[in-house]
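Novice: Just run_8.tsv, nothing more (TSV, C-alpha atoms and all ligand atoms):
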```tsv
chain	number	residue	atom	x	y	z
A	1	MET	CA	-11.57	-20.10	-19.97
A	2	LYS	CA	-10.66	-17.55	-22.58
A	3	LYS	CA	-9.22	-18.36	-25.99
A	4	THR	CA	-5.54	-17.70	-26.66
A	5	ILE	CA	-3.48	-17.46	-29.83
A	6	ARG	CA	-3.13	-21.25	-29.65
A	7	ASP	CA	-6.87	-21.63	-30.22
A	8	ILE	CA	-7.22	-19.86	-33.56
A	9	ASP	CA	-5.68	-20.10	-36.98
A	10	VAL	CA	-3.29	-17.17	-37.41
A	11	ALA	CA	-1.53	-18.32	-40.60
A	12	GLY	CA	-1.56	-15.60	-43.24
A	13	LYS	CA	-3.73	-13.38	-41.00
A	14	ARG	CA	-2.92	-9.82	-39.91
A	15	VAL	CA	-2.77	-9.95	-36.13
A	16	PHE	CA	-2.97	-6.74	-34.06
A	17	VAL	CA	-1.12	-7.35	-30.79
A	18	ARG	CA	-1.74	-4.80	-28.01
A	19	VAL	CA	1.41	-5.07	-25.90
A	20	ASP	CA	2.62	-3.10	-22.90
A	21	TYR	CA	5.96	-1.55	-23.87
A	22	ASN	CA	5.64	1.22	-21.29
A	23	VAL	CA	9.31	0.83	-20.33
A	24	PRO	CA	11.46	3.28	-18.38
A	25	ILE	CA	13.55	5.40	-20.78
A	26	ASN	CA	16.24	7.87	-19.62
A	27	SER	CA	17.01	11.34	-20.97
A	28	ASP	CA	19.44	9.86	-23.54
A	29	LEU	CA	16.50	7.79	-24.86
A	30	LYS	CA	18.12	4.58	-23.56
A	31	ILE	CA	15.85	1.85	-22.21
A	32	VAL	CA	16.67	1.34	-18.52
A	33	ASP	CA	14.77	-1.94	-18.09
A	34	ASP	CA	13.65	-3.99	-21.10
A	35	SER	CA	11.81	-6.74	-19.18
A	36	ARG	CA	8.40	-5.77	-20.57
A	37	ILE	CA	9.78	-6.13	-24.10
A	38	VAL	CA	11.50	-9.44	-23.35
A	39	ALA	CA	8.29	-10.77	-21.75
A	40	THR	CA	6.36	-10.52	-25.05
A	41	ILE	CA	8.85	-12.56	-27.08
A	42	PRO	CA	7.15	-15.96	-26.61
A	43	THR	CA	3.90	-14.56	-28.04
A	44	ILE	CA	5.65	-12.83	-30.94
A	45	ASN	CA	7.77	-15.89	-31.74
A	46	TYR	CA	4.67	-18.11	-31.70
A	47	LEU	CA	2.92	-15.78	-34.15
A	48	VAL	CA	5.98	-15.56	-36.41
A	49	GLU	CA	6.43	-19.34	-36.43
A	50	HIS	CA	2.75	-19.82	-37.29
A	51	GLY	CA	2.90	-17.45	-40.27
A	52	ALA	CA	0.99	-14.47	-38.85
A	53	LYS	CA	1.54	-10.89	-40.03
A	54	ILE	CA	2.12	-8.96	-36.84
A	55	ILE	CA	1.12	-5.38	-35.99
A	56	LEU	CA	2.43	-4.33	-32.58
A	57	CYS	CA	0.76	-1.50	-30.69
A	58	SER	CA	1.63	0.03	-27.30
A	59	HIS	CA	1.54	3.22	-25.29
A	60	LEU	CA	4.59	4.79	-23.65
A	61	GLY	CA	4.32	7.33	-20.83
A	62	ARG	CA	1.61	9.96	-20.68
A	63	PRO	CA	1.77	12.16	-23.78
A	64	ASN	CA	-1.93	13.07	-23.28
A	65	GLY	CA	-2.90	12.91	-26.94
A	66	GLN	CA	0.06	15.02	-28.16
A	67	VAL	CA	3.07	13.95	-30.20
A	68	GLU	CA	6.05	14.00	-27.82
A	69	PRO	CA	9.27	12.93	-29.57
A	70	LYS	CA	10.78	11.90	-26.21
A	71	LEU	CA	8.03	9.27	-25.90
A	72	SER	CA	8.44	7.76	-29.36
A	73	LEU	CA	8.47	3.96	-29.52
A	74	ARG	CA	11.50	4.01	-31.85
A	75	PRO	CA	13.98	2.96	-29.11
A	76	VAL	CA	11.62	0.09	-28.21
A	77	LEU	CA	11.48	-0.98	-31.86
A	78	ALA	CA	15.30	-0.99	-32.03
A	79	ARG	CA	15.57	-3.13	-28.88
A	80	LEU	CA	12.90	-5.61	-29.97
A	81	SER	CA	14.42	-5.90	-33.42
A	82	GLN	CA	17.78	-6.68	-31.81
A	83	LEU	CA	16.24	-9.28	-29.48
A	84	LEU	CA	14.39	-11.01	-32.32
A	85	ASN	CA	17.24	-10.54	-34.76
A	86	LYS	CA	14.65	-9.44	-37.29
A	87	PRO	CA	13.75	-6.17	-39.04
A	88	ILE	CA	10.56	-4.45	-37.89
A	89	SER	CA	8.93	-1.69	-39.92
A	90	PHE	CA	7.64	1.44	-38.20
A	91	ALA	CA	4.36	3.27	-38.84
A	92	GLU	CA	4.91	6.84	-37.75
A	93	ASP	CA	1.36	8.06	-38.32
A	94	ILE	CA	-1.28	5.49	-37.51
A	95	LEU	CA	-4.00	7.42	-39.35
A	96	ASP	CA	-2.00	7.89	-42.56
A	97	LYS	CA	-3.02	5.80	-45.60
A	98	SER	CA	0.52	4.42	-45.78
A	99	THR	CA	0.00	2.58	-42.47
A	100	LEU	CA	-2.97	0.64	-43.83
A	101	ALA	CA	-0.93	-0.14	-46.96
A	102	MET	CA	1.98	-1.25	-44.79
A	103	SER	CA	-0.25	-3.70	-42.92
A	104	LYS	CA	-1.61	-5.08	-46.19
A	105	ASN	CA	1.89	-5.54	-47.62
A	106	LEU	CA	3.18	-7.53	-44.65
A	107	LYS	CA	4.31	-11.03	-45.59
A	108	ASP	CA	3.74	-14.05	-43.34
A	109	GLY	CA	5.99	-13.80	-40.26
A	110	GLU	CA	6.78	-10.10	-40.80
A	111	ILE	CA	6.35	-7.48	-38.09
A	112	MET	CA	5.44	-3.79	-38.01
A	113	MET	CA	5.12	-1.50	-34.99
A	114	LEU	CA	2.80	1.49	-34.60
A	115	GLU	CA	3.99	4.74	-33.00
A	116	ASN	CA	2.90	5.48	-29.40
A	117	ILE	CA	-0.88	5.03	-29.42
A	118	ARG	CA	-1.31	7.72	-26.77
A	119	PHE	CA	-0.04	10.36	-29.23
A	120	TYR	CA	-3.70	10.28	-30.35
A	121	LYS	CA	-6.28	11.81	-28.04
A	122	GLN	CA	-8.87	9.40	-29.47
A	123	GLU	CA	-7.13	6.47	-27.76
A	124	GLU	CA	-8.03	7.18	-24.13
A	125	LYS	CA	-11.49	8.43	-25.19
A	126	ASN	CA	-12.13	5.05	-26.78
A	127	ASP	CA	-13.20	6.92	-29.93
A	128	GLU	CA	-15.24	4.59	-32.13
A	129	ALA	CA	-14.00	5.88	-35.49
A	130	PHE	CA	-10.40	5.58	-34.27
A	131	ALA	CA	-10.99	2.01	-33.05
A	132	LYS	CA	-12.42	1.21	-36.52
A	133	LYS	CA	-9.23	2.55	-38.17
A	134	LEU	CA	-7.13	0.36	-35.88
A	135	ALA	CA	-9.35	-2.63	-36.61
A	136	ALA	CA	-8.95	-2.04	-40.37
A	137	LEU	CA	-5.25	-2.82	-39.98
A	138	ALA	CA	-5.89	-6.41	-38.91
A	139	ASP	CA	-8.06	-9.56	-38.93
A	140	ILE	CA	-7.50	-10.68	-35.34
A	141	PHE	CA	-6.93	-8.83	-32.04
A	142	VAL	CA	-4.55	-10.19	-29.38
A	143	LEU	CA	-4.60	-8.75	-25.87
A	144	GLU	CA	-1.10	-9.00	-24.42
A	145	ALA	CA	-1.21	-5.88	-22.18
A	146	TYR	CA	-2.62	-6.97	-18.83
A	147	ALA	CA	-1.71	-3.65	-17.20
A	148	THR	CA	-4.23	-1.81	-19.40
A	149	ALA	CA	-6.88	-4.54	-19.53
A	150	HIS	CA	-9.01	-2.65	-16.98
A	151	ARG	CA	-9.13	0.46	-19.17
A	152	LYS	CA	-11.64	0.99	-21.94
A	153	HIS	CA	-9.33	2.51	-24.55
A	154	ALA	CA	-9.58	2.27	-28.35
A	155	SER	CA	-6.58	-0.07	-28.71
A	156	THR	CA	-7.60	-2.33	-25.82
A	157	TYR	CA	-11.41	-2.30	-25.72
A	158	GLY	CA	-12.75	-0.53	-28.82
A	159	ILE	CA	-10.84	-2.75	-31.24
A	160	ALA	CA	-11.68	-5.94	-29.30
A	161	LYS	CA	-15.36	-5.16	-29.87
A	162	ILE	CA	-14.81	-5.19	-33.62
A	163	LEU	CA	-12.30	-7.98	-34.30
A	164	PRO	CA	-12.23	-11.60	-33.09
A	165	ALA	CA	-10.26	-11.27	-29.85
A	166	VAL	CA	-7.97	-13.73	-28.06
A	167	CYS	CA	-5.26	-13.37	-25.44
A	168	GLY	CA	-1.51	-13.69	-25.70
A	169	PHE	CA	0.61	-15.83	-23.41
A	170	LEU	CA	1.28	-13.09	-20.82
A	171	VAL	CA	-2.40	-12.32	-20.30
A	172	GLU	CA	-3.16	-16.05	-20.28
A	173	GLN	CA	-0.64	-16.50	-17.42
A	174	GLU	CA	-2.25	-13.69	-15.42
A	175	LEU	CA	-5.76	-15.09	-15.93
A	176	LEU	CA	-4.72	-18.62	-14.97
A	177	ILE	CA	-2.92	-17.67	-11.78
A	178	PHE	CA	-5.67	-15.36	-10.49
A	179	ASP	CA	-8.28	-17.99	-11.34
A	180	LYS	CA	-6.27	-20.55	-9.39
A	181	ILE	CA	-5.76	-18.49	-6.25
A	182	LEU	CA	-9.27	-17.03	-6.18
A	183	ASN	CA	-11.22	-20.17	-7.06
A	184	LYS	CA	-9.16	-23.14	-5.96
A	185	PRO	CA	-6.52	-21.94	-3.50
A	186	GLU	CA	-4.58	-24.22	-1.22
A	187	HIS	CA	-5.16	-23.26	2.42
A	188	PRO	CA	-4.07	-21.51	4.54
A	189	PHE	CA	-4.65	-18.64	2.08
A	190	VAL	CA	-3.22	-15.35	3.32
A	191	ALA	CA	-3.73	-11.88	1.83
A	192	ILE	CA	-1.27	-9.12	2.69
A	193	LEU	CA	-2.59	-5.67	1.94
A	194	GLY	CA	-0.84	-2.35	2.35
A	195	GLY	CA	-0.63	1.02	0.66
A	196	ALA	CA	-2.70	4.08	1.23
A	197	LYS	CA	-5.74	3.96	-1.08
A	198	VAL	CA	-8.38	2.63	1.30
A	199	SER	CA	-11.16	3.04	-1.26
A	200	ASP	CA	-9.38	0.62	-3.66
A	201	LYS	CA	-8.52	-1.93	-1.00
A	202	LEU	CA	-11.79	-2.21	0.99
A	203	PRO	CA	-13.68	-3.87	-1.90
A	204	VAL	CA	-10.72	-6.28	-2.20
A	205	ILE	CA	-11.07	-7.24	1.47
A	206	GLU	CA	-14.84	-7.63	1.11
A	207	ASN	CA	-14.37	-10.00	-1.81
A	208	LEU	CA	-11.55	-11.95	-0.15
A	209	LEU	CA	-13.53	-12.61	3.04
A	210	ASP	CA	-15.15	-15.59	1.28
A	211	LYS	CA	-11.82	-17.00	0.14
A	212	VAL	CA	-8.95	-16.38	2.55
A	213	ASP	CA	-8.12	-17.54	6.08
A	214	THR	CA	-6.14	-14.50	7.22
A	215	ILE	CA	-5.69	-10.92	6.06
A	216	LEU	CA	-2.61	-8.99	7.19
A	217	ILE	CA	-3.13	-5.25	6.94
A	218	GLY	CA	-0.27	-2.76	7.01
A	219	GLY	CA	0.62	0.60	5.48
A	220	GLY	CA	-1.49	3.72	5.58
A	221	MET	CA	-4.75	1.79	5.17
A	222	ALA	CA	-4.29	0.09	8.56
A	223	TYR	CA	-5.01	3.35	10.42
A	224	THR	CA	-8.54	3.62	9.05
A	225	PHE	CA	-9.23	0.21	10.61
A	226	VAL	CA	-7.51	1.06	13.90
A	227	LYS	CA	-9.52	4.29	14.16
A	228	ALA	CA	-12.71	2.46	13.18
A	229	ILE	CA	-12.37	0.21	16.22
A	230	GLY	CA	-11.77	3.17	18.53
A	231	GLY	CA	-7.98	3.55	18.55
A	232	ASN	CA	-6.06	6.83	18.58
A	233	VAL	CA	-3.96	7.06	15.41
A	234	GLY	CA	-2.63	10.58	15.97
A	235	MET	CA	-1.86	12.30	12.66
A	236	SER	CA	-1.74	9.03	10.64
A	237	VAL	CA	-3.49	8.93	7.25
A	238	VAL	CA	-7.15	7.99	7.69
A	239	ASP	CA	-10.02	7.87	5.22
A	240	ASN	CA	-12.75	9.25	7.46
A	241	THR	CA	-15.44	8.42	4.88
A	242	LYS	CA	-14.67	4.71	5.22
A	243	LEU	CA	-14.66	4.25	9.00
A	244	GLU	CA	-18.12	2.70	9.14
A	245	LEU	CA	-17.38	0.31	6.29
A	246	ALA	CA	-14.06	-0.70	7.87
A	247	ALA	CA	-15.85	-1.52	11.16
A	248	LYS	CA	-18.49	-3.54	9.27
A	249	ILE	CA	-15.77	-5.47	7.47
A	250	MET	CA	-14.14	-6.34	10.82
A	251	ASP	CA	-17.50	-7.67	12.06
A	252	LYS	CA	-18.13	-9.63	8.88
A	253	ALA	CA	-14.66	-11.18	9.11
A	254	LYS	CA	-15.48	-12.45	12.60
A	255	GLU	CA	-18.74	-13.99	11.35
A	256	LYS	CA	-16.88	-15.72	8.54
A	257	ASN	CA	-14.04	-16.87	10.74
A	258	VAL	CA	-11.46	-14.89	8.80
A	259	LYS	CA	-8.67	-13.37	10.90
A	260	ILE	CA	-7.86	-9.75	10.12
A	261	LEU	CA	-4.55	-8.84	11.75
A	262	LEU	CA	-3.77	-5.16	12.16
A	263	PRO	CA	-0.34	-3.86	13.22
A	264	ILE	CA	0.31	-4.12	16.96
A	265	ASP	CA	3.20	-1.66	16.97
A	266	ASN	CA	4.18	1.13	14.61
A	267	ILE	CA	7.06	3.44	13.79
A	268	GLY	CA	5.61	6.94	14.18
A	269	ALA	CA	7.12	10.18	12.92
A	270	LYS	CA	6.44	13.79	13.84
A	271	GLU	CA	6.56	14.88	10.23
A	272	PHE	CA	6.02	13.05	6.97
A	273	SER	CA	9.73	13.16	6.16
A	274	GLU	CA	12.77	10.93	6.18
A	275	ASN	CA	14.58	13.05	8.81
A	276	SER	CA	11.74	13.38	11.27
A	277	GLU	CA	11.97	12.45	14.92
A	278	VAL	CA	10.60	8.89	15.30
A	279	LYS	CA	9.07	6.88	18.16
A	280	VAL	CA	7.44	3.46	18.45
A	281	PHE	CA	3.74	3.38	19.38
A	282	SER	CA	1.44	0.52	20.22
A	283	SER	CA	-1.49	0.47	17.83
A	284	GLY	CA	-4.31	2.71	18.94
A	285	PHE	CA	-2.04	4.63	21.34
A	286	PHE	CA	-0.35	7.21	19.15
A	287	ALA	CA	0.70	10.60	20.50
A	288	ASP	CA	-1.57	13.20	18.91
A	289	ASP	CA	1.28	14.85	16.99
A	290	TYR	CA	2.80	11.65	15.48
A	291	GLN	CA	1.82	9.63	12.40
A	292	GLY	CA	2.39	5.99	11.46
A	293	MET	CA	5.09	5.45	8.84
A	294	ASP	CA	5.95	1.74	9.09
A	295	ILE	CA	5.03	-1.40	11.01
A	296	GLY	CA	7.08	-2.18	14.13
A	297	LYS	CA	9.18	-5.20	15.13
A	298	LYS	CA	6.40	-7.05	16.97
A	299	THR	CA	4.08	-6.73	13.97
A	300	ILE	CA	6.81	-8.00	11.65
A	301	LYS	CA	7.23	-11.05	13.88
A	302	MET	CA	3.48	-11.66	14.03
A	303	PHE	CA	3.12	-11.34	10.24
A	304	LYS	CA	6.16	-13.60	9.68
A	305	LYS	CA	4.51	-16.48	11.57
A	306	VAL	CA	1.39	-16.29	9.41
A	307	ILE	CA	3.33	-15.94	6.15
A	308	LYS	CA	5.52	-18.94	7.01
A	309	LYS	CA	2.52	-21.26	7.35
A	310	ALA	CA	0.63	-20.06	4.26
A	311	LYS	CA	0.15	-22.29	1.21
A	312	THR	CA	-1.21	-19.43	-0.92
A	313	ILE	CA	-0.28	-15.75	-0.60
A	314	ILE	CA	-1.49	-12.66	-2.41
A	315	TRP	CA	0.38	-9.45	-1.59
A	316	ASN	CA	-0.48	-5.95	-2.79
A	317	GLY	CA	0.92	-2.72	-1.36
A	318	PRO	CA	3.76	-1.63	0.96
A	319	VAL	CA	3.32	-1.86	4.74
A	320	GLY	CA	5.13	1.46	5.22
A	321	VAL	CA	6.07	4.64	3.39
A	322	TYR	CA	8.25	2.91	0.82
A	323	GLU	CA	9.45	6.13	-0.82
A	324	TYR	CA	11.62	6.83	2.25
A	325	GLU	CA	14.44	4.36	2.80
A	326	ARG	CA	14.11	4.75	6.55
A	327	PHE	CA	10.53	3.42	6.47
A	328	ARG	CA	11.12	0.54	4.04
A	329	HIS	CA	12.15	-1.93	6.71
A	330	GLY	CA	8.72	-3.55	7.22
A	331	THR	CA	8.04	-3.88	3.49
A	332	ASN	CA	11.48	-5.39	2.86
A	333	LYS	CA	10.94	-7.94	5.62
A	334	ILE	CA	7.54	-8.91	4.18
A	335	ALA	CA	9.17	-9.25	0.74
A	336	LYS	CA	11.81	-11.56	2.22
A	337	TYR	CA	9.28	-13.77	4.00
A	338	VAL	CA	6.93	-14.01	1.01
A	339	ALA	CA	9.90	-14.96	-1.21
A	340	LYS	CA	10.89	-17.69	1.26
A	341	ASN	CA	7.41	-19.24	1.21
A	342	LYS	CA	7.28	-22.42	-0.88
A	343	GLY	CA	3.54	-22.23	-1.68
A	344	THR	CA	1.86	-20.23	-4.44
A	345	THR	CA	2.85	-16.57	-4.08
A	346	VAL	CA	1.37	-13.77	-6.17
A	347	VAL	CA	2.49	-10.15	-5.86
A	348	GLY	CA	1.17	-7.00	-7.52
A	349	GLY	CA	1.61	-3.25	-7.11
A	350	GLY	CA	4.64	-1.04	-7.77
A	351	ASP	CA	6.22	-0.81	-4.31
A	352	SER	CA	5.79	-4.49	-3.39
A	353	VAL	CA	7.40	-5.53	-6.67
A	354	ALA	CA	10.17	-2.92	-6.22
A	355	ALA	CA	10.95	-4.36	-2.77
A	356	LEU	CA	11.31	-7.87	-4.20
A	357	GLN	CA	13.52	-6.58	-7.00
A	358	SER	CA	15.76	-4.56	-4.69
A	359	LEU	CA	16.33	-7.67	-2.56
A	360	GLY	CA	17.00	-9.79	-5.66
A	361	VAL	CA	14.28	-12.30	-4.78
A	362	SER	CA	11.69	-11.72	-7.55
A	363	LYS	CA	12.48	-15.08	-9.14
A	364	LYS	CA	11.33	-16.86	-5.97
A	365	ILE	CA	7.77	-15.54	-6.42
A	366	THR	CA	5.33	-17.78	-8.31
A	367	HIS	CA	3.84	-14.85	-10.21
A	368	ILE	CA	4.55	-11.13	-10.27
A	369	SER	CA	1.57	-9.44	-11.82
A	370	THR	CA	2.31	-6.93	-14.55
A	371	GLY	CA	-0.84	-4.97	-13.74
A	372	GLY	CA	-1.24	-3.37	-10.31
A	373	GLY	CA	-4.59	-1.70	-11.06
A	374	ALA	CA	-5.87	-4.60	-13.16
A	375	SER	CA	-5.01	-7.18	-10.50
A	376	LEU	CA	-6.73	-5.10	-7.79
A	377	MET	CA	-9.87	-5.09	-9.92
A	378	VAL	CA	-9.69	-8.87	-10.26
A	379	LEU	CA	-9.16	-9.21	-6.49
A	380	GLN	CA	-12.31	-7.12	-6.05
A	381	GLY	CA	-14.16	-9.90	-7.87
A	382	LYS	CA	-14.70	-7.94	-11.09
A	383	THR	CA	-13.96	-9.03	-14.63
A	384	LEU	CA	-11.61	-6.79	-16.59
A	385	PRO	CA	-13.58	-5.05	-19.38
A	386	CYS	CA	-11.09	-5.99	-22.11
A	387	VAL	CA	-10.90	-9.60	-20.93
A	388	GLU	CA	-14.70	-9.80	-21.08
A	389	LEU	CA	-14.44	-9.25	-24.84
A	390	ILE	CA	-12.04	-12.16	-25.38
A	391	GLU	CA	-13.75	-15.15	-26.94
A	392	ASP	CA	-14.74	-17.98	-24.59
A	393	PHE	CA	-14.52	-21.65	-25.43
A	394	GLU	CA	-17.94	-22.90	-26.52
B	401	LIG	P1	-1.28	2.23	-2.91
B	401	LIG	O1	-1.21	2.99	-4.20
B	401	LIG	O2	-2.62	2.24	-2.29
B	401	LIG	O3	-0.69	0.83	-3.01
B	401	LIG	O4	-0.35	3.01	-1.89
B	401	LIG	C1	1.05	3.10	-2.02
B	401	LIG	C2	1.46	4.26	-1.17
B	401	LIG	O5	1.11	4.02	0.17
B	401	LIG	C3	2.95	4.53	-1.17
B	401	LIG	O6	3.15	5.77	-1.81
B	401	LIG	C4	3.29	4.60	0.30
B	401	LIG	O7	4.13	5.69	0.63
B	401	LIG	C5	1.95	4.81	0.95
B	401	LIG	N1	1.96	4.41	2.37
B	401	LIG	C6	2.29	3.23	2.88
B	401	LIG	N2	2.26	3.27	4.22
B	401	LIG	C7	1.89	4.52	4.57
B	401	LIG	C8	1.70	5.17	5.79
B	401	LIG	N3	1.87	4.53	6.96
B	401	LIG	N4	1.33	6.48	5.79
B	401	LIG	C9	1.16	7.11	4.61
B	401	LIG	N5	1.34	6.54	3.40
B	401	LIG	C10	1.71	5.25	3.38
```
Show how you would write the structure in this file as structure tokens.
Specialist:
Amino acid sequence: MKKTIRDIDVAGKRVFVRVDYNVPINSDLKIVDDSRIVATIPTINYLVEHGAKIILCSHLGRPNGQVEPKLSLRPVLARLSQLLNKPISFAEDILDKSTLAMSKNLKDGEIMMLENIRFYKQEEKNDEAFAKKLAALADIFVLEAYATAHRKHASTYGIAKILPAVCGFLVEQELLIFDKILNKPEHPFVAILGGAKVSDKLPVIENLLDKVDTILIGGGMAYTFVKAIGGNVGMSVVDNTKLELAAKIMDKAKEKNVKILLPIDNIGAKEFSENSEVKVFSSGFFADDYQGMDIGKKTIKMFKKVIKKAKTIIWNGPVGVYEYERFRHGTNKIAKYVAKNKGTTVVGGGDSVAALQSLGVSKKITHISTGGGASLMVLQGKTLPCVELIEDFE
């Protein structure tokens, strides 16, 4: 296991905490959803109570290495300061001498926040000199941004190579839950995979074949599998470069006694649009001019039975085109069934999480991962580069 802030002495030390304050902000610079800020409070409070000097660092949006006033972290600072009922000082220019002085003048339990780290092009390039400047601000590095833990950036990876590195409570939670479901799951263990990026999801399936009992596949990725086993998918999205691999995976699943369930019926549309003419097709029997947009009623029923019996569930990706309300039905049903399950349920990925939120059932899920991309990498059996740099127990 990796060390956390509980496992080192932080008293009187300057602690650089890489958080994920990439919150939605509207055109009036008002924060629309502050849950990412609220989620970091236990870690910050722990550090304050244990006499650390805290330097908070985050990105916001995609300024691409340019200063964009709309993407300043000032509104985030104001919200956090309000939540903690504590003043927080702001370092406008990370590279200015005054920022280093500010970090050195912090008293125990005091907090400062750096401006949007992605205002500097050196950040995403993992520039070594830049990482050294960041490291000079602190004695200890704390990784609290799971969503960027798979990226080798200066404030996530570069700095962790220089300073003693531990994780905060949010990252600890993510590591513990993925370790539990991947290494000691209760069975039946069911994976539900959807979405469109076949190249991301196939390595996940390959890795899960040694761990799960059943894999339910929906969404755009299902059509690559249906085509791979000889079905007609009409105009549905297919990754033609992955047909062979998909067929091999189906064979391997049989050998390993893992059930892969593909949709048995589908809602097809003539055009990729909300207003298109729609028809239901059995899987593998699409009309040539239609494409799959959502799973059908029979598939929903089949998936429901499997979800009901599961003791462990991992779900990533919508089973239909979630952007269009008309094709959200399947995904919403899956969200409802997963939320009803009393076992260990873990959900990642933007659309799956959005479905749970829109139905008001997020609280019923054991763990909602804060990192879609990072959790996919973990499900592929890889270690996140930034987590690799966190100190292990001896
Ligand atoms: P991913 O990033 O791989 O999780 O994919 C999410 C995307 O998959 C969403 O934008 C969905 O609209 C898309 N998607 C889901 N089902 C389908 C489908 N049947 N056809 C095309 N795109 C789909």
Novice: Here is a test: counting all atoms listed in the file, which residue of A:Ile54, A:Met293, A:Leu209, A:Val238 is nearest to Lys252 (chain A)?
Specialist: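 Checking each candidate against Lys252 (chain A), we get A:Leu209 as the closest.
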Novice: Using all atoms listed in the file, what are the residues with an atom within 10 Å of ligand LIG 401 (chain B), set out as a PDB file with C-alpha atoms, keeping the file's coordinate frame?
Specialist:
```
ATOM      1  CA  LEU A 193      -2.590  -5.670   1.940  1.00  0.00           C
ATOM      2  CA  GLY A 194      -0.840  -2.350   2.350  1.00  0.00           C
ATOM      3  CA  GLY A 195      -0.630   1.020   0.660  1.00  0.00           C
ATOM      4  CA  ALA A 196      -2.700   4.080   1.230  1.00  0.00           C
ATOM      5  CA  LYS A 197      -5.740   3.960  -1.080  1.00  0.00           C
ATOM      6  CA  VAL A 198      -8.380   2.630   1.300  1.00  0.00           C
ATOM      7  CA  SER A 199     -11.160   3.040  -1.260  1.00  0.00           C
ATOM      8  CA  ASP A 200      -9.380   0.620  -3.660  1.00  0.00           C
ATOM      9  CA  LYS A 201      -8.520  -1.930  -1.000  1.00  0.00           C
ATOM     10  CA  GLY A 218      -0.270  -2.760   7.010  1.00  0.00           C
ATOM     11  CA  GLY A 219       0.620   0.600   5.480  1.00  0.00           C
ATOM     12  CA  GLY A 220      -1.490   3.720   5.580  1.00  0.00           C
ATOM     13  CA  MET A 221      -4.750   1.790   5.170  1.00  0.00           C
ATOM     14  CA  ALA A 222      -4.290   0.090   8.560  1.00  0.00           C
ATOM     15  CA  TYR A 223      -5.010   3.350  10.420  1.00  0.00           C
ATOM     16  CA  MET A 235      -1.860  12.300  12.660  1.00  0.00           C
ATOM     17  CA  SER A 236      -1.740   9.030  10.640  1.00  0.00           C
ATOM     18  CA  VAL A 237      -3.490   8.930   7.250  1.00  0.00           C
ATOM     19  CA  VAL A 238      -7.150   7.990   7.690  1.00  0.00           C
ATOM     20  CA  ASN A 266       4.180   1.130  14.610  1.00  0.00           C
ATOM     21  CA  ILE A 267       7.060   3.440  13.790  1.00  0.00           C
ATOM     22  CA  GLY A 268       5.610   6.940  14.180  1.00  0.00           C
ATOM     23  CA  ALA A 269       7.120  10.180  12.920  1.00  0.00           C
ATOM     24  CA  PHE A 272       6.020  13.050   6.970  1.00  0.00           C
ATOM     25  CA  GLN A 291       1.820   9.630  12.400  1.00  0.00           C
ATOM     26  CA  GLY A 292       2.390   5.990  11.460  1.00  0.00           C
ATOM     27  CA  MET A 293       5.090   5.450   8.840  1.00  0.00           C
ATOM     28  CA  ASP A 294       5.950   1.740   9.090  1.00  0.00           C
ATOM     29  CA  ILE A 295       5.030  -1.400  11.010  1.00  0.00           C
ATOM     30  CA  ASN A 316      -0.480  -5.950  -2.790  1.00  0.00           C
ATOM     31  CA  GLY A 317       0.920  -2.720  -1.360  1.00  0.00           C
ATOM     32  CA  PRO A 318       3.760  -1.630   0.960  1.00  0.00           C
ATOM     33  CA  VAL A 319       3.320  -1.860   4.740  1.00  0.00           C
ATOM     34  CA  GLY A 320       5.130   1.460   5.220  1.00  0.00           C
ATOM     35  CA  VAL A 321       6.070   4.640   3.390  1.00  0.00           C
ATOM     36  CA  TYR A 322       8.250   2.910   0.820  1.00  0.00           C
ATOM     37  CA  GLU A 323       9.450   6.130  -0.820  1.00  0.00           C
ATOM     38  CA  TYR A 324      11.620   6.830   2.250  1.00  0.00           C
ATOM     39  CA  PHE A 327      10.530   3.420   6.470  1.00  0.00           C
ATOM     40  CA  ARG A 328      11.120   0.540   4.040  1.00  0.00           C
ATOM     41  CA  GLY A 330       8.720  -3.550   7.220  1.00  0.00           C
ATOM     42  CA  THR A 331       8.040  -3.880   3.490  1.00  0.00           C
ATOM     43  CA  GLY A 348       1.170  -7.000  -7.520  1.00  0.00           C
ATOM     44  CA  GLY A 349       1.610  -3.250  -7.110  1.00  0.00           C
ATOM     45  CA  GLY A 350       4.640  -1.040  -7.770  1.00  0.00           C
ATOM     46  CA  ASP A 351       6.220  -0.810  -4.310  1.00  0.00           C
ATOM     47  CA  SER A 352       5.790  -4.490  -3.390  1.00  0.00           C
ATOM     48  CA  GLY A 372      -1.240  -3.370 -10.310  1.00  0.00           C
ATOM     49  CA  GLY A 373      -4.590  -1.700 -11.060  1.00  0.00           C
ATOM     50  CA  LEU A 376      -6.730  -5.100  -7.790  1.00  0.00           C
TER      51      LEU A 376
END
```
Novice: Report, in Å to a single decimal, how far apart CA of Val67 (chain A) and CA of Thr148 (chain A) are.
Specialist: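 Atom-to-atom, CA of Thr148 (chain A) to CA of Val67 (chain A), that is 20.5 Å.
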Novice: Using only C-alpha atoms, find each residue in region 137-253 of chain A having at least one atom no more than 12 Å away from region 300-303 of chain A; report its shortest atom-to-atom pair and that distance in Å (one decimal), rows by chain then rising number, as a Markdown table.
Specialist:
```
| residue | atom | partner | partner_atom | distance |
| --- | --- | --- | --- | --- |
| A:Val190 | CA | A:Phe303 | CA | 10.2 |
| A:Ala191 | CA | A:Phe303 | CA | 10.9 |
| A:Ile192 | CA | A:Phe303 | CA | 9.0 |
| A:Leu193 | CA | A:Phe303 | CA | 11.6 |
| A:Thr214 | CA | A:Phe303 | CA | 10.2 |
| A:Ile215 | CA | A:Phe303 | CA | 9.8 |
| A:Leu216 | CA | A:Phe303 | CA | 6.9 |
| A:Ile217 | CA | A:Phe303 | CA | 9.3 |
| A:Gly218 | CA | A:Phe303 | CA | 9.8 |
```
